[in-house]
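Enquirer: What follows is a structure written as structure tokens; I'll ask about it next.
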Amino acid sequence: MSERPAAMDPPPAGAFEDMLRIVEELDTPDGYKAELIRGKIVVSPWSKLRYLRPMRRLRRQVEAHAPEGHVAETSPFLFVFPPAERGFGPDLFVADESAFDAEGRHADAAALSLVAELTSVSTKDADWLDKLDTYGRVVPVYLVLDMQAEEITAFWDPSEKGYRSRTTVPFGKPLHVPAPFDFELNTSGFAARSEGNVQE
């Protein structure tokens with residue numbers, strides 16, 4: 001499979017539940033995930049190896065300030081947003097641990113307290129557009145680590161029209177992560193290490 005996301009046409013009925021069932025039953029190759037984006041099933045690669053360090057740094061910090069009963073994970077779980085007919089597998093999420101007591105292969109997005117996406121050339125549009133719009137109606141905090149621009153944006157205060165607030169800082173500067181976390185995120189070391197710091 002290529003580095004680019006591959007979209008599959010939805011089933012003829014186009015029903016969200018039908019597409020969700022197909023995503024759950026897909027036998028995606030190792031290292032790939034399937035999501036429901038803009039009414040299509042999109043198969044894309046999981047994060048690049050060099051994103052491990054920033055994800056681990058981010059996970060340790062948000063987990064230390066997570067709401068009671070919430071866990072921080074980078075595991076490949078699908079969260080569904082039925083009103084938007086979307087299903088996303090965030091790069092990192094913080095969610096109520098009780099949401100994982102249920103049977104099945106996807107969790108309710110209402111359990112999320114924070115999501116984070118690390119952009120790549122192939123997923124950047126979805127992270128900044130479709131996911132921003134969908135998360136902005138439900139998830140208290142959304143962090144976008146723009147790995148190409150080497151900056152991080154926090155979105156918070158969700159509403160029916162999307163997030164009401166945002167702030168952006170370059171990697172290396174502290175970022176305030178708002179409630180329900182309410183702490184200063186140390187973003188040093190978030191820049192992906194590569195030879196000569198070559199961008200994707």
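To be explicit about the labels: the chains of the structure tokens are called A, B, and onward in the order shown, and within each one the residues are counted from 1, while ligands get numbers from 1 in the order they are shown.
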Hey, could you make a per-residue contact list for stretch 153-172 of chain A against stretch 112-131 of chain A with 12 Å as the cut-off, showing the nearest pair of atoms and its distance in Å to one decimal, counting only C-alpha atoms, sorted by chain and number, as JSON lines?

Expert:
```
{"residue": "A:Thr153", "atom": "CA", "partner": "A:Ala116", "partner_atom": "CA", "distance": 9.8}
{"residue": "A:Ala154", "atom": "CA", "partner": "A:Ala116", "partner_atom": "CA", "distance": 9.2}
{"residue": "A:Phe155", "atom": "CA", "partner": "A:Leu114", "partner_atom": "CA", "distance": 9.9}
{"residue": "A:Trp156", "atom": "CA", "partner": "A:Leu114", "partner_atom": "CA", "distance": 9.3}
{"residue": "A:Asp157", "atom": "CA", "partner": "A:Ser113", "partner_atom": "CA", "distance": 11.4}
{"residue": "A:Pro158", "atom": "CA", "partner": "A:Ser113", "partner_atom": "CA", "distance": 11.1}
{"residue": "A:Gly162", "atom": "CA", "partner": "A:Lys131", "partner_atom": "CA", "distance": 10.5}
{"residue": "A:Tyr163", "atom": "CA", "partner": "A:Lys131", "partner_atom": "CA", "distance": 11.6}
```

Enquirer: Would you export the selected residues with C-alpha atoms as an mmCIF file, in the first residue's frame, please?

Expert:
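Generated file (result29.cif):
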```cif
data_model
loop_
_atom_site.group_PDB
_atom_site.id
_atom_site.type_symbol
_atom_site.label_atom_id
_atom_site.label_comp_id
_atom_site.auth_asym_id
_atom_site.auth_seq_id
_atom_site.Cartn_x
_atom_site.Cartn_y
_atom_site.Cartn_z
ATOM 1 C CA THR A 153 -2.257 24.109 18.233
ATOM 2 C CA ALA A 154 -4.701 23.570 21.074
ATOM 3 C CA PHE A 155 -8.425 23.829 20.351
ATOM 4 C CA TRP A 156 -10.973 23.869 23.164
ATOM 5 C CA ASP A 157 -14.483 24.906 24.197
ATOM 6 C CA PRO A 158 -16.499 22.760 21.749
ATOM 7 C CA GLY A 162 -16.994 23.834 16.418
ATOM 8 C CA TYR A 163 -14.305 24.996 18.810
#
```

Enquirer: Within stretch 2-127 of chain A, find each residue whose DSSP state, derived from the backbone, is helix (DSSP H, G or I), and express the selection as an MDAnalysis selection string.

Expert: chainID A and resid 16:25 49:64 82:84 97:100 109:111 124:127

Enquirer: Would you mind exporting the chosen residues as a short mmCIF file (atom, residue, chain, number, x, y, z; two decimals), in the first residue's frame, restricted to N, CA and C atoms?

Expert:
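What follows is the written file out06.cif:
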```
data_model
loop_
_atom_site.label_atom_id
_atom_site.label_comp_id
_atom_site.auth_asym_id
_atom_site.auth_seq_id
_atom_site.Cartn_x
_atom_site.Cartn_y
_atom_site.Cartn_z
N PHE A 16 -24.50 4.85 7.60
CA PHE A 16 -23.36 4.92 8.51
C PHE A 16 -23.10 3.58 9.18
N GLU A 17 -24.14 2.92 9.65
CA GLU A 17 -23.97 1.63 10.33
C GLU A 17 -23.37 0.58 9.40
N ASP A 18 -23.74 0.61 8.11
CA ASP A 18 -23.16 -0.32 7.14
C ASP A 18 -21.67 -0.07 6.97
N MET A 19 -21.31 1.20 6.85
CA MET A 19 -19.89 1.54 6.68
C MET A 19 -19.09 1.20 7.93
N LEU A 20 -19.69 1.45 9.09
CA LEU A 20 -19.01 1.14 10.34
C LEU A 20 -18.76 -0.36 10.44
N ARG A 21 -19.73 -1.17 10.05
CA ARG A 21 -19.56 -2.62 10.09
C ARG A 21 -18.44 -3.05 9.16
N ILE A 22 -18.36 -2.45 7.96
CA ILE A 22 -17.30 -2.79 7.01
C ILE A 22 -15.93 -2.43 7.59
N VAL A 23 -15.83 -1.24 8.21
CA VAL A 23 -14.56 -0.83 8.82
C VAL A 23 -14.14 -1.84 9.88
N GLU A 24 -15.09 -2.27 10.69
CA GLU A 24 -14.77 -3.21 11.77
C GLU A 24 -14.31 -4.56 11.22
N GLU A 25 -14.82 -4.94 10.06
CA GLU A 25 -14.51 -6.25 9.50
C GLU A 25 -13.33 -6.22 8.54
N LEU A 49 7.68 6.04 12.25
CA LEU A 49 8.48 5.62 13.39
C LEU A 49 9.05 6.81 14.15
N ARG A 50 9.46 7.85 13.43
CA ARG A 50 10.10 8.98 14.11
C ARG A 50 9.11 9.83 14.91
N TYR A 51 7.82 9.48 14.83
CA TYR A 51 6.83 10.18 15.64
C TYR A 51 6.69 9.56 17.03
N LEU A 52 7.37 8.46 17.27
CA LEU A 52 7.24 7.78 18.56
C LEU A 52 7.63 8.68 19.72
N ARG A 53 8.78 9.35 19.62
CA ARG A 53 9.25 10.18 20.74
C ARG A 53 8.27 11.29 21.09
N PRO A 54 7.82 12.09 20.11
CA PRO A 54 6.85 13.13 20.49
C PRO A 54 5.56 12.56 21.05
N MET A 55 5.09 11.42 20.53
CA MET A 55 3.87 10.83 21.05
C MET A 55 4.05 10.37 22.49
N ARG A 56 5.20 9.78 22.79
CA ARG A 56 5.46 9.33 24.16
C ARG A 56 5.56 10.51 25.12
N ARG A 57 6.26 11.58 24.69
CA ARG A 57 6.37 12.77 25.54
C ARG A 57 4.99 13.38 25.81
N LEU A 58 4.18 13.45 24.77
CA LEU A 58 2.84 14.00 24.91
C LEU A 58 1.99 13.12 25.82
N ARG A 59 2.05 11.83 25.59
CA ARG A 59 1.23 10.91 26.38
C ARG A 59 1.56 11.00 27.87
N ARG A 60 2.84 11.01 28.21
CA ARG A 60 3.24 11.07 29.63
C ARG A 60 2.68 12.32 30.30
N GLN A 61 2.74 13.44 29.59
CA GLN A 61 2.30 14.70 30.20
C GLN A 61 0.79 14.79 30.34
N VAL A 62 0.05 14.42 29.29
CA VAL A 62 -1.41 14.53 29.41
C VAL A 62 -1.97 13.50 30.39
N GLU A 63 -1.34 12.33 30.44
CA GLU A 63 -1.82 11.30 31.36
C GLU A 63 -1.68 11.76 32.81
N ALA A 64 -0.62 12.50 33.11
CA ALA A 64 -0.40 12.98 34.48
C ALA A 64 -1.46 13.99 34.91
N PRO A 82 -21.66 9.34 15.76
CA PRO A 82 -22.85 9.05 14.95
C PRO A 82 -23.53 10.27 14.32
N PRO A 83 -23.71 11.40 15.05
CA PRO A 83 -24.38 12.54 14.39
C PRO A 83 -23.64 13.03 13.14
N ALA A 84 -22.29 12.94 13.18
CA ALA A 84 -21.48 13.37 12.03
C ALA A 84 -21.21 12.23 11.06
N GLU A 97 -12.02 5.35 30.97
CA GLU A 97 -11.65 3.94 30.86
C GLU A 97 -12.87 3.02 30.81
N SER A 98 -13.98 3.44 31.39
CA SER A 98 -15.18 2.60 31.41
C SER A 98 -15.75 2.37 30.02
N ALA A 99 -15.38 3.24 29.06
CA ALA A 99 -15.87 3.07 27.69
C ALA A 99 -15.34 1.79 27.06
N PHE A 100 -14.29 1.22 27.64
CA PHE A 100 -13.68 0.02 27.07
C PHE A 100 -14.14 -1.26 27.76
N ALA A 109 -17.55 8.31 21.10
CA ALA A 109 -16.72 9.51 21.16
C ALA A 109 -17.01 10.37 22.38
N ALA A 110 -18.18 10.21 22.97
CA ALA A 110 -18.54 10.99 24.16
C ALA A 110 -17.59 10.69 25.33
N ALA A 111 -16.88 9.55 25.28
CA ALA A 111 -15.95 9.19 26.34
C ALA A 111 -14.65 9.99 26.28
N LYS A 124 -2.75 15.43 6.60
CA LYS A 124 -2.86 16.79 7.11
C LYS A 124 -4.22 17.43 6.85
N ASP A 125 -4.75 17.26 5.65
CA ASP A 125 -6.04 17.88 5.33
C ASP A 125 -7.14 17.37 6.24
N ALA A 126 -7.20 16.07 6.47
CA ALA A 126 -8.23 15.51 7.34
C ALA A 126 -8.06 16.00 8.77
N ASP A 127 -6.82 16.09 9.26
CA ASP A 127 -6.57 16.54 10.63
C ASP A 127 -7.04 17.99 10.84
#
```

Enquirer: Which residue out of A:Asp146, A:Glu103, A:Asp27, A:Asp182 has the minimum interatomic distance to A:Val169 when only C-alpha atoms are used?

Expert: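 Among A:Asp146, A:Glu103, A:Asp27, A:Asp182, it is A:Asp146 that comes nearest to A:Val169.
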
Enquirer: Report, in Å with one decimal, the straight-line distance from atom CA of A:Asn186 to atom CA of A:Pro174.

Expert: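 Atom CA of A:Pro174 lies at a distance of 5.0 Å from atom CA of A:Asn186.
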
Enquirer: How far is it from atom CA of A:Ala34 to atom CA of A:Pro67, in Å with one decimal?

Expert: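 For atom CA of A:Ala34 relative to atom CA of A:Pro67, the distance reads 28.3 Å.
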
Enquirer: Work out how far atom CA of A:Asp108 is from atom CA of A:Glu68, in Å to one decimal.

Expert: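 If I compute the distance from atom CA of A:Glu68 to atom CA of A:Asp108, I get 18.1 Å.
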
Enquirer: May I ask which of the residues A:Leu78, A:Val43, A:Val138, A:Ala179 is the closest one to A:Thr28, counting only C-alpha atoms?

Expert: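 For A:Thr28, the nearest of the candidates is A:Val43.
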
Enquirer: Smallest atom-to-atom distance to A:Ser165: which of A:Tyr142, A:Phe190, A:Phe88, A:Phe77, using only C-alpha atoms?

Expert: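 Of A:Tyr142, A:Phe190, A:Phe88, A:Phe77, the one nearest A:Ser165, counting only C-alpha atoms, is A:Tyr142.
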
Enquirer: Find the residue from A:Ala149, A:Leu143, A:Ile37, A:Leu26 that sits nearest to A:Arg166; use only C-alpha atoms when measuring.

Expert: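 Ranking A:Ala149, A:Leu143, A:Ile37, A:Leu26 by distance to A:Arg166, first place goes to A:Leu143.
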
Enquirer: Write down as a list in words the residues of stretch 129-196 of chain A whose backbone DSSP state falls under strand (DSSP E).

Expert: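 Those in stretch 129-196 of chain A that DSSP calls strand (DSSP E) are Val141, Tyr142, Leu143, Val144, Leu145, Asp146, Glu151, Ile152, Thr153, Ala154, Phe155, Trp156, Ser165, Arg166, Thr167, Thr168, Val169, Pro170, Leu175, His176, Val177, Phe183, Glu184 and Leu185 of chain A.
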
Enquirer: Using only C-alpha atoms for the distances, tell me which of A:Ser159, A:Phe79, A:Ala191, A:His70 is nearest to A:Gly104.

Expert: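 Smallest distance to A:Gly104 is found for A:Phe79.
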